[in-house]
Every structure is written in structure tokens, then in C-alpha cells.
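Here is the file my_file_8.cif (mmCIF, C-alpha atoms).
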data_entry
#
loop_
_atom_site.label_atom_id
_atom_site.label_comp_id
_atom_site.auth_asym_id
_atom_site.auth_seq_id
_atom_site.Cartn_x
_atom_site.Cartn_y
_atom_site.Cartn_z
CA MET A 1 123.14 81.04 69.87
CA SER A 2 126.44 81.85 68.29
CA HIS A 3 128.93 83.67 70.45
CA ASP A 4 132.10 83.23 68.44
CA HIS A 5 131.77 86.04 65.95
CA ALA A 6 132.18 89.77 65.93
CA GLN A 7 128.53 90.44 66.81
CA HIS A 8 129.35 89.34 70.32
CA SER A 9 130.33 92.88 71.18
CA HIS A 10 127.30 94.48 69.55
CA ASP A 11 124.27 95.74 71.37
CA HIS A 12 121.75 92.93 71.53
CA HIS A 13 119.01 95.27 70.34
CA ASP A 14 120.72 95.37 66.95
CA HIS A 15 120.03 91.68 66.43
CA HIS A 16 116.91 90.68 64.60
CA HIS A 17 117.73 87.15 63.53
CA GLY A 18 115.88 84.32 65.25
CA SER A 19 119.11 82.62 66.17
CA ASP A 20 120.17 85.65 68.20
CA LEU A 21 117.07 85.73 70.39
CA SER A 22 117.58 84.97 74.06
CA PRO A 23 115.36 82.20 75.46
CA VAL A 24 112.90 84.67 76.97
CA GLU A 25 112.77 86.75 73.78
CA ALA A 26 112.08 83.62 71.74
CA ARG A 27 109.40 82.52 74.18
CA VAL A 28 107.61 85.88 74.08
CA ARG A 29 107.82 86.05 70.31
CA ALA A 30 106.32 82.55 69.99
CA LEU A 31 103.53 83.44 72.40
CA GLU A 32 102.63 86.67 70.59
CA SER A 33 102.74 84.90 67.26
CA LEU A 34 100.45 82.11 68.47
CA LEU A 35 97.94 84.42 70.18
CA THR A 36 97.86 86.63 67.07
CA GLU A 37 97.35 83.67 64.74
CA LYS A 38 94.49 82.49 66.97
CA GLY A 39 92.90 85.93 66.70
CA TYR A 40 92.96 86.66 70.43
CA VAL A 41 95.18 89.72 70.10
CA ASP A 42 95.82 92.33 67.43
CA PRO A 43 99.51 93.35 67.23
CA ALA A 44 98.48 96.91 66.33
CA ALA A 45 96.58 97.10 69.62
CA LEU A 46 99.63 95.78 71.47
CA ASP A 47 101.72 98.53 69.87
CA ALA A 48 99.14 101.11 70.96
CA LEU A 49 99.16 99.81 74.54
CA VAL A 50 102.94 100.06 74.71
CA GLU A 51 102.86 103.55 73.23
CA LEU A 52 100.18 104.67 75.68
CA TYR A 53 102.02 103.49 78.79
CA GLU A 54 105.54 104.23 77.60
CA THR A 55 104.99 107.73 76.23
CA LYS A 56 101.67 109.20 77.39
CA VAL A 57 100.74 107.99 80.87
CA GLY A 58 103.24 109.04 83.52
CA PRO A 59 104.00 111.07 86.64
CA HIS A 60 103.55 114.38 84.80
CA ALA A 61 99.81 113.76 85.25
CA GLY A 62 100.12 113.33 89.01
CA ALA A 63 102.30 116.44 89.17
CA ARG A 64 99.46 118.45 87.58
CA VAL A 65 97.08 117.17 90.23
CA VAL A 66 99.47 118.14 93.03
CA ALA A 67 100.14 121.59 91.59
CA ARG A 68 96.41 122.23 91.25
CA ALA A 69 95.88 121.17 94.87
CA TRP A 70 98.64 123.55 96.00
CA THR A 71 97.06 126.50 94.24
CA ASP A 72 93.33 125.85 94.51
CA PRO A 73 92.03 125.19 98.06
CA ALA A 74 88.58 124.13 96.84
CA PHE A 75 90.14 121.57 94.49
CA ARG A 76 92.39 120.33 97.31
CA ALA A 77 89.34 119.80 99.51
CA ARG A 78 87.55 117.86 96.76
CA LEU A 79 90.69 115.83 96.08
CA LEU A 80 91.08 114.77 99.70
CA ALA A 81 87.37 114.06 100.10
CA ASP A 82 86.87 111.98 96.94
CA ALA A 83 89.95 111.80 94.73
CA THR A 84 88.69 109.97 91.64
CA PRO A 85 86.20 112.62 90.43
CA ALA A 86 88.54 115.45 91.45
CA ILE A 87 91.37 113.96 89.37
CA ALA A 88 88.92 113.43 86.50
CA GLU A 89 88.33 117.20 86.47
CA LEU A 90 91.83 117.43 84.96
CA GLY A 91 90.97 114.78 82.37
CA ILE A 92 93.04 112.15 84.20
CA GLY A 93 91.85 108.64 85.02
CA GLY A 94 91.67 105.07 83.83
CA ARG A 95 93.04 101.60 84.29
CA GLY A 96 94.68 101.17 87.69
CA GLY A 97 93.22 104.41 89.01
CA GLU A 98 89.49 103.73 89.03
CA HIS A 99 89.32 104.13 92.82
CA MET A 100 91.81 106.79 93.90
CA VAL A 101 92.61 107.92 97.43
CA VAL A 102 94.88 110.93 97.97
CA VAL A 103 96.67 111.21 101.31
CA GLU A 104 98.13 114.50 102.44
CA ASN A 105 101.54 115.00 104.01
CA THR A 106 101.71 117.46 106.90
CA PRO A 107 104.46 118.37 109.36
CA GLU A 108 102.94 115.73 111.68
CA ILE A 109 102.24 112.87 109.23
CA HIS A 110 104.26 111.55 106.31
CA ASN A 111 102.56 109.06 104.00
CA LEU A 112 104.23 106.19 102.16
CA VAL A 113 102.58 103.93 99.56
CA VAL A 114 103.44 100.27 98.94
CA CYS A 115 101.89 97.09 97.60
CA THR A 116 103.30 94.23 99.66
CA LEU A 117 101.35 91.55 97.75
CA CYS A 118 102.11 92.54 94.15
CA SER A 119 102.60 95.85 92.38
CA CYS A 120 99.40 97.90 92.74
CA TYR A 121 100.20 101.49 91.80
CA PRO A 122 98.10 104.43 90.56
CA TRP A 123 98.81 104.17 86.83
CA PRO A 124 96.82 107.18 85.52
CA VAL A 125 98.68 109.63 87.77
CA LEU A 126 102.12 107.96 88.06
CA GLY A 127 102.43 105.65 85.05
CA LEU A 128 103.75 102.11 85.39
CA PRO A 129 105.73 101.48 88.58
CA PRO A 130 109.53 101.46 88.72
CA VAL A 131 111.32 98.16 89.28
CA TRP A 132 112.22 98.94 92.90
CA TYR A 133 108.53 99.44 93.76
CA LYS A 134 107.73 95.94 92.47
CA ALA A 135 110.81 94.22 93.91
CA PRO A 136 111.04 92.32 97.22
CA PRO A 137 113.25 94.76 99.22
CA TYR A 138 110.74 97.62 99.08
CA ARG A 139 107.65 95.41 99.42
CA ALA A 140 109.18 93.63 102.42
CA ARG A 141 110.52 96.61 104.30
CA ALA A 142 108.18 99.56 103.66
CA VAL A 143 105.71 98.25 106.23
CA ILE A 144 108.19 97.17 108.94
CA ASP A 145 111.00 99.72 108.52
CA PRO A 146 109.64 102.77 106.70
CA ARG A 147 112.19 105.13 108.24
CA GLY A 148 115.04 102.88 107.09
CA VAL A 149 113.59 102.74 103.58
CA LEU A 150 113.21 106.52 103.47
CA ALA A 151 116.84 106.92 104.56
CA GLU A 152 117.89 104.85 101.53
CA PHE A 153 116.04 107.38 99.38
CA GLY A 154 117.89 110.18 101.15
CA VAL A 155 114.81 111.29 103.07
CA THR A 156 115.24 111.95 106.79
CA LEU A 157 112.13 113.11 108.59
CA PRO A 158 112.01 114.87 111.94
CA GLU A 159 111.56 112.41 114.83
CA THR A 160 108.24 114.11 115.55
CA THR A 161 106.85 113.30 112.09
CA ARG A 162 104.86 110.08 112.24
CA ILE A 163 104.71 107.76 109.25
CA THR A 164 101.56 106.19 107.85
CA VAL A 165 102.15 103.41 105.32
CA TRP A 166 99.35 102.59 102.87
CA ASP A 167 99.46 98.97 101.72
CA SER A 168 97.54 98.74 98.42
CA THR A 169 95.82 95.41 99.06
CA ALA A 170 92.62 96.08 97.06
CA GLU A 171 91.62 98.14 94.01
CA THR A 172 91.91 101.41 95.91
CA ARG A 173 95.04 103.24 94.74
CA TYR A 174 96.93 105.79 96.77
CA MET A 175 98.75 108.95 95.78
CA VAL A 176 100.59 111.19 98.24
CA LEU A 177 99.94 114.92 98.19
CA PRO A 178 103.35 116.24 99.29
CA MET A 179 103.82 119.49 101.20
CA ARG A 180 104.34 122.53 99.02
CA PRO A 181 108.02 123.56 99.16
CA ALA A 182 108.90 126.79 100.92
CA GLY A 183 109.80 129.74 98.72
CA THR A 184 107.23 129.02 96.03
CA ASP A 185 104.78 131.82 96.73
CA GLY A 186 103.53 133.24 93.48
CA PHE A 187 104.75 130.28 91.42
CA SER A 188 102.49 129.35 88.52
CA GLU A 189 100.78 125.95 88.52
CA GLU A 190 103.12 124.88 85.74
CA ALA A 191 106.24 125.94 87.66
CA LEU A 192 104.97 124.11 90.74
CA ALA A 193 104.26 120.94 88.76
CA ALA A 194 107.89 120.91 87.64
CA LEU A 195 108.93 120.53 91.29
CA VAL A 196 106.76 117.47 91.89
CA THR A 197 108.79 114.29 91.56
CA ARG A 198 107.34 110.82 91.07
CA ASP A 199 108.85 109.68 94.36
CA SER A 200 107.25 112.58 96.24
CA MET A 201 103.86 111.20 95.17
CA ILE A 202 104.78 107.69 96.39
CA GLY A 203 106.16 109.10 99.63
CA THR A 204 109.75 107.94 99.08
CA GLY A 205 110.83 111.45 98.15
CA LEU A 206 110.07 115.11 98.69
CA PRO A 207 109.39 117.76 96.04
CA GLU A 208 112.38 119.59 94.62
CA ALA A 209 113.57 122.26 97.03
CA ILE A 210 113.83 125.86 95.89
CA PRO A 211 117.36 127.22 96.32
CA ALA A 212 117.35 130.41 98.36
CA ALA A 213 117.53 133.34 95.96
CA PRO A 214 120.75 135.38 96.14
CA ALA A 215 120.18 138.76 97.78
CA GLU A 216 120.95 140.70 94.60
CA MET A 217 118.51 138.68 92.50
CA PRO A 218 115.43 140.67 91.55
CA VAL A 219 112.18 139.04 92.58
CA MET B 1 97.77 81.75 99.77
CA ASN B 2 100.83 81.91 101.98
CA GLY B 3 103.09 82.27 98.94
CA ALA B 4 106.28 84.14 98.13
CA GLN B 5 104.27 87.17 97.01
CA ASP B 6 103.25 87.98 100.58
CA LEU B 7 106.40 89.91 101.41
CA GLY B 8 105.40 92.45 104.06
CA GLY B 9 107.83 92.34 106.98
CA ALA B 10 110.27 89.84 105.45
CA HIS B 11 113.97 90.28 106.20
CA GLY B 12 117.06 89.58 104.14
CA PHE B 13 116.21 91.13 100.76
CA GLY B 14 118.75 93.91 101.15
CA PRO B 15 118.46 97.60 100.42
CA VAL B 16 116.03 99.23 98.02
CA VAL B 17 117.93 100.07 94.85
CA PRO B 18 116.34 102.89 92.85
CA GLU B 19 117.57 103.28 89.26
CA PRO B 20 118.17 106.88 88.17
CA ASP B 21 116.30 107.89 85.02
CA GLU B 22 114.74 104.45 84.86
CA PRO B 23 113.05 103.58 81.55
CA VAL B 24 109.46 102.30 81.60
CA PHE B 25 110.62 98.99 80.09
CA HIS B 26 114.09 97.46 80.22
CA ALA B 27 113.86 95.24 77.14
CA ALA B 28 111.70 94.93 74.04
CA TRP B 29 110.21 91.64 75.26
CA GLU B 30 108.96 93.34 78.45
CA ARG B 31 106.88 95.70 76.30
CA ARG B 32 105.26 92.74 74.55
CA VAL B 33 104.59 90.82 77.77
CA PHE B 34 102.95 93.86 79.32
CA ALA B 35 100.77 94.44 76.26
CA LEU B 36 99.92 90.74 75.83
CA ALA B 37 98.84 90.50 79.47
CA MET B 38 96.62 93.59 79.10
CA ALA B 39 95.13 92.47 75.79
CA MET B 40 94.53 88.88 76.92
CA GLY B 41 92.89 90.12 80.11
CA TYR B 42 90.60 92.20 77.91
CA THR B 43 89.34 89.06 76.12
CA GLY B 44 87.46 88.10 79.28
CA ALA B 45 89.03 84.62 79.35
CA TRP B 46 90.10 85.48 82.90
CA ASN B 47 90.18 88.52 85.18
CA LEU B 48 92.77 90.58 87.06
CA ASP B 49 92.31 88.56 90.26
CA GLY B 50 92.90 85.37 88.31
CA SER B 51 96.12 86.80 86.90
CA ARG B 52 97.33 87.72 90.38
CA ALA B 53 96.43 84.24 91.63
CA ASN B 54 98.44 82.66 88.84
CA ARG B 55 101.46 84.89 89.43
CA GLU B 56 101.58 84.24 93.16
CA SER B 57 101.09 80.51 92.80
CA LEU B 58 104.45 80.10 91.11
CA PRO B 59 106.67 77.98 93.39
CA PRO B 60 108.24 80.39 95.92
CA ALA B 61 111.83 79.81 94.81
CA GLU B 62 110.85 80.44 91.19
CA TYR B 63 108.78 83.51 92.06
CA LEU B 64 111.68 85.11 93.92
CA ALA B 65 114.23 84.22 91.23
CA SER B 66 112.12 85.64 88.40
CA SER B 67 112.03 89.24 87.23
CA TYR B 68 108.70 91.06 87.34
CA TYR B 69 107.82 90.55 83.70
CA GLU B 70 109.11 86.97 83.78
CA ILE B 71 106.48 86.34 86.46
CA TRP B 72 103.86 87.94 84.22
CA LEU B 73 104.98 85.81 81.28
CA LYS B 74 104.91 82.54 83.22
CA ALA B 75 101.44 83.28 84.61
CA LEU B 76 100.16 84.30 81.17
CA GLU B 77 101.43 81.06 79.61
CA LYS B 78 99.75 79.06 82.38
CA GLN B 79 96.46 80.91 81.92
CA VAL B 80 96.41 80.46 78.15
CA VAL B 81 96.74 76.69 78.54
CA ALA B 82 94.50 76.38 81.61
CA THR B 83 91.62 78.16 79.88
CA GLY B 84 92.00 76.04 76.75
CA LEU B 85 92.92 78.97 74.49
CA ALA B 86 95.92 77.00 73.24
CA THR B 87 97.36 73.55 73.78
CA PRO B 88 100.76 72.83 75.31
CA ALA B 89 101.93 71.62 71.89
CA GLU B 90 100.88 74.90 70.28
CA MET B 91 102.68 76.82 73.03
CA GLU B 92 105.80 74.78 72.32
CA SER B 93 105.70 75.37 68.55
CA GLY B 94 104.30 78.90 68.56
CA ARG B 95 101.98 77.82 65.73
CA SER B 96 98.24 77.30 65.81
CA ALA B 97 97.20 73.69 65.18
CA GLU B 98 93.68 73.71 66.62
CA PRO B 99 90.70 76.02 65.95
CA ALA B 100 90.67 79.12 68.15
CA LYS B 101 88.31 79.12 71.13
CA PRO B 102 85.76 81.95 71.03
CA VAL B 103 86.55 84.88 73.36
CA ALA B 104 84.18 87.59 74.55
CA ARG B 105 86.06 90.46 72.90
CA VAL B 106 89.34 91.32 71.22
CA LEU B 107 91.12 94.57 71.96
CA ALA B 108 91.34 96.76 68.85
CA ARG B 109 93.69 99.66 68.31
CA GLU B 110 90.79 101.97 67.56
CA GLY B 111 89.32 103.39 70.75
CA LEU B 112 91.95 101.67 72.90
CA GLU B 113 93.29 104.80 74.54
CA GLN B 114 89.80 106.04 75.45
CA ARG B 115 88.94 102.60 76.80
CA PHE B 116 91.99 102.46 79.08
CA ARG B 117 91.61 106.10 80.12
CA ALA B 118 88.02 105.31 81.11
CA GLY B 119 89.14 102.35 83.22
CA PHE B 120 87.51 99.17 84.43
CA PRO B 121 85.90 99.91 87.81
CA SER B 122 85.60 97.04 90.28
CA SER B 123 83.15 98.84 92.58
CA ARG B 124 79.64 97.37 92.66
CA ALA B 125 76.25 98.31 94.07
CA ALA B 126 75.67 97.47 97.73
CA ASP B 127 72.99 94.88 98.42
CA ALA B 128 73.49 94.77 102.19
CA PRO B 129 74.46 97.34 104.82
CA ALA B 130 78.09 97.63 105.90
CA ARG B 131 78.88 95.67 109.06
CA PHE B 132 81.50 98.14 110.30
CA ALA B 133 81.74 101.92 110.60
CA VAL B 134 84.62 104.38 110.93
CA ASP B 135 86.37 104.11 114.30
CA ASP B 136 85.15 100.55 114.94
CA ALA B 137 87.79 98.30 116.49
CA VAL B 138 88.37 95.18 114.41
CA LEU B 139 90.48 92.06 114.49
CA ALA B 140 92.00 90.84 111.23
CA ARG B 141 91.04 87.19 111.16
CA ASN B 142 93.76 84.59 111.53
CA ILE B 143 92.89 82.86 108.27
CA HIS B 144 95.19 80.99 105.89
CA PRO B 145 93.31 80.34 102.66
CA THR B 146 95.22 78.09 100.26
CA GLY B 147 93.78 80.06 97.34
CA HIS B 148 93.91 83.72 96.39
CA THR B 149 93.35 86.25 99.15
CA ARG B 150 94.29 89.88 99.73
CA LEU B 151 94.77 89.83 103.48
CA PRO B 152 98.52 89.95 104.04
CA ARG B 153 99.96 87.63 106.68
CA TYR B 154 101.51 90.42 108.71
CA VAL B 155 98.11 91.76 109.82
CA ARG B 156 96.39 88.44 110.55
CA GLY B 157 95.42 88.15 114.19
CA LYS B 158 96.17 91.86 114.76
CA ARG B 159 93.84 94.53 116.12
CA GLY B 160 93.13 97.63 114.09
CA ARG B 161 90.61 100.38 113.59
CA ILE B 162 88.40 101.20 110.61
CA VAL B 163 89.49 104.54 109.15
CA ARG B 164 87.42 104.50 105.97
CA VAL B 165 84.48 102.58 104.56
CA ASP B 166 85.60 102.29 100.93
CA GLY B 167 82.43 100.84 99.43
CA VAL B 168 81.47 97.56 97.83
CA PHE B 169 83.91 95.85 95.48
CA VAL B 170 84.40 92.61 93.58
CA PHE B 171 85.69 90.00 96.06
CA PRO B 172 89.07 88.76 94.76
CA ASP B 173 89.02 85.50 96.74
CA THR B 174 86.15 84.13 94.62
CA ASN B 175 86.49 86.25 91.47
CA ALA B 176 90.00 84.90 90.86
CA TYR B 177 88.47 81.47 90.22
CA ARG B 178 85.46 82.79 88.30
CA ALA B 179 83.35 81.65 91.25
CA GLY B 180 81.40 84.90 91.28
CA GLU B 181 82.13 88.57 91.87
CA ASN B 182 80.42 88.37 95.29
CA PRO B 183 80.38 92.15 95.81
CA THR B 184 81.72 92.72 99.32
CA TRP B 185 82.24 95.69 101.62
CA LEU B 186 85.80 96.99 101.70
CA TYR B 187 87.35 98.95 104.57
CA THR B 188 90.60 100.74 105.19
CA VAL B 189 91.95 99.41 108.48
CA ALA B 190 94.75 101.14 110.40
CA PHE B 191 97.09 99.17 112.63
CA THR B 192 99.71 100.72 114.86
CA ALA B 193 103.27 99.74 114.01
CA ARG B 194 103.63 98.53 117.62
CA GLU B 195 100.63 96.21 117.22
CA LEU B 196 102.14 94.72 114.07
CA TRP B 197 105.82 94.64 114.94
CA GLY B 198 106.03 94.85 118.71
CA GLU B 199 108.89 96.84 120.15
CA SER B 200 110.59 97.11 116.77
CA GLY B 201 107.60 99.07 115.40
CA ASP B 202 108.23 102.72 114.58
CA PRO B 203 106.81 104.76 117.50
CA GLY B 204 103.72 106.59 116.30
CA GLY B 205 103.80 104.68 113.04
CA VAL B 206 100.66 103.34 111.39
CA VAL B 207 100.15 100.83 108.58
CA THR B 208 96.84 100.59 106.76
CA VAL B 209 95.51 97.81 104.58
CA ALA B 210 92.34 97.65 102.49
CA ALA B 211 90.44 94.69 103.96
CA PHE B 212 87.26 92.99 102.79
CA GLU B 213 84.53 92.40 105.35
CA PRO B 214 85.04 88.61 105.60
CA TYR B 215 88.65 89.27 106.63
CA LEU B 216 87.50 91.10 109.77
CA ASP B 217 85.86 90.35 113.11
CA PRO B 218 84.66 92.91 115.65
CA ALA B 219 87.27 93.46 118.37
#
What does the file become when written as C-alpha cells?
Amino acid sequence: MSHDHAQHSHDHHDHHHGSDLSPVEARVRALESLLTEKGYVDPAALDALVELYETKVGPHAGARVVARAWTDPAFRARLLADATPAIAELGIGGRGGEHMVVVENTPEIHNLVVCTLCSCYPWPVLGLPPVWYKAPPYRARAVIDPRGVLAEFGVTLPETTRITVWDSTAETRYMVLPMRPAGTDGFSEEALAALVTRDSMIGTGLPEAIPAAPAEMPV
Amino acid sequence: MNGAQDLGGAHGFGPVVPEPDEPVFHAAWERRVFALAMAMGYTGAWNLDGSRANRESLPPAEYLASSYYEIWLKALEKQVVATGLATPAEMESGRSAEPAKPVARVLAREGLEQRFRAGFPSSRAADAPARFAVDDAVLARNIHPTGHTRLPRYVRGKRGRIVRVDGVFVFPDTNAYRAGENPTWLYTVAFTARELWGESGDPGGVVTVAAFEPYLDPA
């Protein structure tokens, strides 16, 4: 690699010459090239996989599930009883979410999801997991110090709220159904979904709070 | 195996560091590694349990020093060679020098999204009654398999209670080595934080794991 010219200050993504590839980039490129030449993979399919998980599958899907559960008691009951078919009613499902379990937060119980052994995460409803979810600090501490972990996310629960941590050690995948924020009576399903954060469905966050309306604001 | 992947309860990894507005991938090569791992898994040359077994069997120091997708890449390279899909020399050169080995299927772009949105269930039909029922007291066995297992160390030898009978699923401990799916009953087992962590356990706290029947004894 040459480091003694003006490109040194350029963004590495601008470089397309072999000599500018980092060792890991070169290694991945060689692997893809070999597996393609062997006929084991089709680069067009790889592109489609990336597009699917980078642009289509994500926490907006889980937010729709939560908003539906907040507005439709019969759906909520089906979701808590057997989540996979209930989620499928909204056209959501697939790889990494074949066996869904939804756990409900209440004033008494707060739920937190982790995978201590690897990175199991409910892809169809939340997308691919963030780096912190897959990294040692969260995997190590969520089970032994959940309150400390929540504090690092800015979440402080009442002392009387007990925490249940769900370690995703098999193909069952967990999603948290957070509590509906106060002040959202009459909100549409779409407006409610906008309040549902990814972290609130992992249990490391809470839904967006509704600012109290000023007295003069018409309702 | 008692490898570096089994992180639950470990100390010293520091705080959880969430990244605001985190992208799905942090580099172009991560996109390709993700897609290659998915597409190669689809060939049927190995299965998801085998991939996990390969990732966690990296030497502990290397596992902990590698980023998430570096771990995926290293495991993928190992699997390609171990299954005879490419030779070490071909991996080195990135060019095919031997005839390709037949694979069961190759992932095509057409129909890919539907295929992944349909998923790949790992539940199987029951051929024997479940040994345990909800509310049964169980003891997580104090076992230390040197191969792949999904019973984390922090629950071994601890007493818990069955809170859900999840059904019958592919047994990772044998499936990882293509030694049979051995469909096995899976249970959600709840442990109190005090049982797991003694006096440092969060009062009222609970941790659940999904545990296969051979991991459990009656208590």
C-alpha cells in the first residue's frame, strides 16, 4: 500500500485500485471472486441480499407490530399467545424470526433481550443487530447487571420494577412489547409507530415520550 | 465449548457503547461477508449451527480481538476449506484451480426476497412426549461439552423453572457436525438472578434461557 501520495487524505471508499485495498478488503474480494468462479454464489444474489437487509428489513417493521398491539386488543392477545402467526398477519416474517416470542413490559416487569453466546436477534422485525448488541460488553453484562446496562442507555426504572432478561440461546427470537406512552390517546397507528424506537423493542430503551401539550394548544 | 463466545456474566469489557444513527454496515467488505455467509449457508454445504461452531472455535484471544464480521469471515474461510469446496492454495490465490464440488443449491437473485421473508424454520415434528411441563423445577446440567452447545456456562448447575414448552427443534449440538438433526424438545427456563449471581443478583430479577431437554435434569 502506498501512503506517500496525496490520496492519503482521501476517503478510503474513493479508492478502487487493488493496491489500495486493506488486507481484509483484499481477502474478502479474493474469497468472493473464488466462490463466484466456482459457481457457489451469484454476485447478483449477494447484491440482492445486501439490499434486502440494508434497505428493506428494519425496525420499522417491529414498530408496526407494536403500534397494532397498542391499538387492537385482540391482536395484542394473539401476539402474546403465539407471536409468529400474529406478526405474519402484517406480512412480516422470515430468516431469523421463524420462531418469535413477544414479551410485554408492564409497570411490574421490564424485559431485556440479549444473546450471550452470539448475536441472535429478531431480524424480520428489527433488522440486523447493531454492533453494541453483538459486542462483548453487552453480551457479558446484560445477564448479570441489567440495571447497570440500562443506566448506560439512559433508562432508570423504578426500584419496584423487576427485570426479566431473555437470553436468546436457541432459534426462538424475542421482541419486547413496550408500554404505550402516556398522552397518546387517539393517536393513529402510524403516529404511534413513529414513537417506537428499535431499543424499546430490545428493552434497552423506552418509546419516545410525548411532550405535554401547552395549555393554549388546541387538541 | 467453553470458548470466548460464552460471555454471560464476564467482567472487564467496559461500558456498552451505542453508536447514534448507526449504519447497518460499517464498510463495503462487511456487506460482502454478510451476503457470502448467507449465500454459502444456502448451498447446504453446512448449516447455521456449523457456522456458529466454527465462529466460536476461533482461539479465544483471536475471537475477542476480531470484529464481528472478521469472525464471520474467518469462520467462512475455514468452512470453505474444511468442506472441500476450495483448496488452501485456491483460497490464497483467489483463483479456481480445481473443478468445483457439487452443492445442493445456489442462491439466485430471482425469488430471493420471498425465500428469506418465508424463512427457514428449525422446528420439527415431535416423535416423543415432552419430559417437562410448565412450572416444573429443573436443574441445568453441569456439562462441559468440548463441541458446540447452547447451554451457557452461567446457568450450569443452577436451579430454574420451566416457563414455556417451546416445541421440538433441531438439536444444535449434533446438527453443527452434520451428525443428525435429532429433533429435541426445547424449553424456556427461568432462573432467579439470586440463584445465578448470589448476593450480587438484582433483587426480583429473572434470567431465562432456551434450553434443550438433554441440558436439563428434574430438580
Exercise. CA of Ala4 in chain B to CA of Asp167 in chain A: how many Å, to one decimal?
Worked result: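 Atom-to-atom, CA of Ala4 in chain B to CA of Asp167 in chain A, that is 16.7 Å.
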Problem set entry | Expansion of the PyMOL selection byres ((chain B and resi 35) around 9) into residues, as a list in words |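 For this structure, the PyMOL selection byres ((chain B and resi 35) around 9) captures Ala45, Leu46, Asp47, Ala48, Leu49 and Val50 of chain A; Glu30, Arg31, Arg32, Val33, Phe34, Leu36, Ala37, Met38, Ala39 and Met40 of chain B.
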Problem set entry | At most 6 Å to chain A: residues in chain B, all atoms listed in the file, as a PyMOL selection string | chain B and resi 5-10+13-14+16+18+24+29+35+94-96+100+106+108-109+116-119+121+150+204-210
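Matched in the shown structure by the PyMOL selection byres ((chain B and resi 76-85) around 8): Leu31 of chain A; Ala37, Ala45, Trp46, Ser51, Asn54, Trp72, Leu73, Lys74, Ala75, Ala86, Thr87, Pro88, Met91, Ala100 and Lys101 of chain B.
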I need the residues from that last selection saved to file as a short mmCIF file (atom, residue, chain, number, x, y, z; two decimals), in the coordinates of the input (with C-alpha atoms), if you can.
data_model
loop_
_atom_site.label_atom_id
_atom_site.label_comp_id
_atom_site.auth_asym_id
_atom_site.auth_seq_id
_atom_site.Cartn_x
_atom_site.Cartn_y
_atom_site.Cartn_z
CA LEU A 31 103.53 83.44 72.40
CA ALA B 37 98.84 90.50 79.47
CA ALA B 45 89.03 84.62 79.35
CA TRP B 46 90.10 85.48 82.90
CA SER B 51 96.12 86.80 86.90
CA ASN B 54 98.44 82.66 88.84
CA TRP B 72 103.86 87.94 84.22
CA LEU B 73 104.98 85.81 81.28
CA LYS B 74 104.91 82.54 83.22
CA ALA B 75 101.44 83.28 84.61
CA ALA B 86 95.92 77.00 73.24
CA THR B 87 97.36 73.55 73.78
CA PRO B 88 100.76 72.83 75.31
CA MET B 91 102.68 76.82 73.03
CA ALA B 100 90.67 79.12 68.15
CA LYS B 101 88.31 79.12 71.13
#
For this session: Dig up all the protein and nucleic acid residues within 10 Å of (110.7, 115.2, 93.0) in the file frame, using all atoms listed in the file, and format them as a list in words.
Result: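 Final list of nearby residues, as requested, is Ala63, Pro178, Ala193, Ala194, Leu195, Val196, Thr197, Arg198, Asp199, Ser200, Met201, Thr204, Gly205, Leu206, Pro207, Glu208 and Ala209 of chain A.
Restricting the calculation to all atoms listed in the file, the smallest distance between His60 in chain A and any of A:Glu104, A:Ala83, A:Ile210, A:Trp123 is found for A:Trp123.
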For this session: Mind checking which residues fall within 8 Å of Leu216 in chain B, counting all atoms listed in the file, ignoring those fewer than 6 positions away in the same chain, and posting them as a PyMOL selection string?
Result: chain B and resi 138-141
